[in-house]
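A quick write-up on the structure given underneath.
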Amino acid sequence: MPKVKPETLAIRREEILQAAEICFARQGFHQTTIQDVIKQSGLSAGCIYGHFTGKEELIQAIGESRHARDSALLALKDPSDDGLQSLRSIARGFLGDLQKEEGLRARRVALQLWAEALRDDVVRDQVTSGIRQPIALIVDLLRRGQKSGAIDRGVQPRGAARAMVAMFQGIVLQRLWGETVSTAEAMHAFDIFLAGLAAKR
């Protein structure tokens, strides 16, 4: 048997994950079978099982993939010293992604991961890690803003960070339930929240 190149293996693994995400978003974790993933991917059963032992491992891999996707959305090319502009940039990125079909599909799967986290320790660790990363980033931006004098020193960074994350989680839920979510209106509301954090001039 010829040895398969690592690049080919990585491409196949990504194809399987994309197919699984489509299936999971369409019919949920528990209604999706490996046969569904095989059909969606167009790959053989042997190929699927060569990468993943079963559906549980696929779900965990999807969690890791989602975490990497969110990390990319959180990446700041040019962090602002006042913190507020950087937070606006992150918010625009997330809200914009939520209007795309790929972003919405990823959030459908994310919602199922939140539920799966109640019964699966590995998924729970992934989900909580996925929450801690943006909280840590926001805390750092808020503290940087306090240091520069742009953000009120009375603001508690960790509490404010959790409130921001919760705000966007709520918007995700409303969007997934089919509610119309205006990016402009959501950004306006977020700007009002940020204005309450700004140092009084």
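Residues are referred to by chain and number: the chain letter is A, B, ... according to the order shown in the structure tokens, the number counts from 1 in that chain, and ligands are numbered separately from 1 in the order shown.
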
If you count only C-alpha atoms, which residues fall within 12 Å of Asp152 in chain A, apart from same-chain ones fewer than 2 positions away, as a list in words?
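Non-adjacent residues within range: Asp82, Gly83, Leu84, Leu142, Arg143, Arg144, Gly145, Gln146, Lys147, Ser148, Gly149, Ala150, Gly154, Val155, Gln156, Pro157, Ala160, Leu194, Ala195, Gly196, Leu197, Ala198, Ala199, Lys200 and Arg201 of chain A.
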
Writing out the chosen residues with N, CA and C atoms as a PDB file, in the first residue's frame:
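result38.pdb written:
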ATOM      1  N   ASP A  82      -6.638  52.046  23.578  1.00  0.00           N
ATOM      2  CA  ASP A  82      -7.766  52.426  24.429  1.00  0.00           C
ATOM      3  C   ASP A  82      -8.715  51.256  24.687  1.00  0.00           C
ATOM      4  N   GLY A  83      -8.547  50.142  23.975  1.00  0.00           N
ATOM      5  CA  GLY A  83      -9.362  48.943  24.203  1.00  0.00           C
ATOM      6  C   GLY A  83     -10.722  48.997  23.543  1.00  0.00           C
ATOM      7  N   LEU A  84     -11.343  50.146  23.537  1.00  0.00           N
ATOM      8  CA  LEU A  84     -12.711  50.261  23.033  1.00  0.00           C
ATOM      9  C   LEU A  84     -12.784  50.005  21.530  1.00  0.00           C
ATOM     10  N   LEU A 142      -9.690  45.640  28.307  1.00  0.00           N
ATOM     11  CA  LEU A 142     -10.266  46.584  29.272  1.00  0.00           C
ATOM     12  C   LEU A 142      -9.184  47.133  30.207  1.00  0.00           C
ATOM     13  N   ARG A 143      -8.318  46.270  30.657  1.00  0.00           N
ATOM     14  CA  ARG A 143      -7.235  46.729  31.538  1.00  0.00           C
ATOM     15  C   ARG A 143      -6.286  47.675  30.803  1.00  0.00           C
ATOM     16  N   ARG A 144      -6.035  47.364  29.523  1.00  0.00           N
ATOM     17  CA  ARG A 144      -5.197  48.249  28.721  1.00  0.00           C
ATOM     18  C   ARG A 144      -5.867  49.616  28.583  1.00  0.00           C
ATOM     19  N   GLY A 145      -7.187  49.604  28.372  1.00  0.00           N
ATOM     20  CA  GLY A 145      -7.926  50.859  28.273  1.00  0.00           C
ATOM     21  C   GLY A 145      -7.918  51.630  29.579  1.00  0.00           C
ATOM     22  N   GLN A 146      -8.003  50.931  30.704  1.00  0.00           N
ATOM     23  CA  GLN A 146      -7.927  51.599  32.010  1.00  0.00           C
ATOM     24  C   GLN A 146      -6.552  52.237  32.207  1.00  0.00           C
ATOM     25  N   LYS A 147      -5.529  51.521  31.783  1.00  0.00           N
ATOM     26  CA  LYS A 147      -4.158  52.032  31.922  1.00  0.00           C
ATOM     27  C   LYS A 147      -3.945  53.281  31.071  1.00  0.00           C
ATOM     28  N   SER A 148      -4.550  53.308  29.878  1.00  0.00           N
ATOM     29  CA  SER A 148      -4.393  54.469  28.993  1.00  0.00           C
ATOM     30  C   SER A 148      -5.319  55.619  29.373  1.00  0.00           C
ATOM     31  N   GLY A 149      -6.277  55.351  30.275  1.00  0.00           N
ATOM     32  CA  GLY A 149      -7.212  56.388  30.700  1.00  0.00           C
ATOM     33  C   GLY A 149      -8.473  56.457  29.867  1.00  0.00           C
ATOM     34  N   ALA A 150      -8.639  55.533  28.911  1.00  0.00           N
ATOM     35  CA  ALA A 150      -9.825  55.546  28.055  1.00  0.00           C
ATOM     36  C   ALA A 150     -11.032  54.888  28.723  1.00  0.00           C
ATOM     37  N   GLY A 154     -13.175  52.366  37.575  1.00  0.00           N
ATOM     38  CA  GLY A 154     -14.137  51.689  38.431  1.00  0.00           C
ATOM     39  C   GLY A 154     -14.748  50.449  37.783  1.00  0.00           C
ATOM     40  N   VAL A 155     -14.521  50.270  36.494  1.00  0.00           N
ATOM     41  CA  VAL A 155     -15.046  49.100  35.773  1.00  0.00           C
ATOM     42  C   VAL A 155     -14.320  47.845  36.252  1.00  0.00           C
ATOM     43  N   GLN A 156     -15.082  46.794  36.517  1.00  0.00           N
ATOM     44  CA  GLN A 156     -14.488  45.504  36.868  1.00  0.00           C
ATOM     45  C   GLN A 156     -14.334  44.704  35.567  1.00  0.00           C
ATOM     46  N   PRO A 157     -13.110  44.565  35.072  1.00  0.00           N
ATOM     47  CA  PRO A 157     -12.903  43.954  33.751  1.00  0.00           C
ATOM     48  C   PRO A 157     -13.517  42.570  33.579  1.00  0.00           C
ATOM     49  N   ALA A 160     -17.372  42.776  33.377  1.00  0.00           N
ATOM     50  CA  ALA A 160     -17.766  43.411  32.114  1.00  0.00           C
ATOM     51  C   ALA A 160     -17.531  42.461  30.940  1.00  0.00           C
ATOM     52  N   LEU A 194     -20.438  50.067  25.581  1.00  0.00           N
ATOM     53  CA  LEU A 194     -19.051  50.530  25.672  1.00  0.00           C
ATOM     54  C   LEU A 194     -18.973  51.963  26.194  1.00  0.00           C
ATOM     55  N   ALA A 195     -19.947  52.795  25.801  1.00  0.00           N
ATOM     56  CA  ALA A 195     -19.955  54.190  26.276  1.00  0.00           C
ATOM     57  C   ALA A 195     -20.068  54.237  27.798  1.00  0.00           C
ATOM     58  N   GLY A 196     -20.773  53.258  28.365  1.00  0.00           N
ATOM     59  CA  GLY A 196     -20.889  53.202  29.824  1.00  0.00           C
ATOM     60  C   GLY A 196     -19.583  52.801  30.512  1.00  0.00           C
ATOM     61  N   LEU A 197     -18.670  52.215  29.755  1.00  0.00           N
ATOM     62  CA  LEU A 197     -17.372  51.822  30.309  1.00  0.00           C
ATOM     63  C   LEU A 197     -16.325  52.918  30.176  1.00  0.00           C
ATOM     64  N   ALA A 198     -16.570  53.858  29.264  1.00  0.00           N
ATOM     65  CA  ALA A 198     -15.570  54.886  28.956  1.00  0.00           C
ATOM     66  C   ALA A 198     -15.332  55.807  30.146  1.00  0.00           C
ATOM     67  N   ALA A 199     -14.095  56.252  30.267  1.00  0.00           N
ATOM     68  CA  ALA A 199     -13.759  57.205  31.333  1.00  0.00           C
ATOM     69  C   ALA A 199     -14.500  58.509  31.092  1.00  0.00           C
ATOM     70  N   LYS A 200     -14.968  59.094  32.171  1.00  0.00           N
ATOM     71  CA  LYS A 200     -15.698  60.371  32.056  1.00  0.00           C
ATOM     72  C   LYS A 200     -14.690  61.485  31.818  1.00  0.00           C
ATOM     73  N   ARG A 201     -14.925  62.241  30.764  1.00  0.00           N
ATOM     74  CA  ARG A 201     -14.006  63.333  30.395  1.00  0.00           C
ATOM     75  C   ARG A 201     -14.397  64.641  31.073  1.00  0.00           C
TER      76      ARG A 201
END

If DSSP is run on the backbone, what residues of range 45-198 of chain A are helix (DSSP H, G or I)? A reply as a PyMOL selection string would be ideal.
chain A and resi 45-51+55-74+84-98+101-116+121-148+157-176+183-197

Nearest to Ala106 in chain A by atom-to-atom distance, counting only C-alpha atoms, from A:Glu64, A:Asp140, A:Glu179, A:Glu21:
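Checking each of A:Glu64, A:Asp140, A:Glu179, A:Glu21 against Ala106 in chain A, counting only C-alpha atoms, the winner is A:Glu21.
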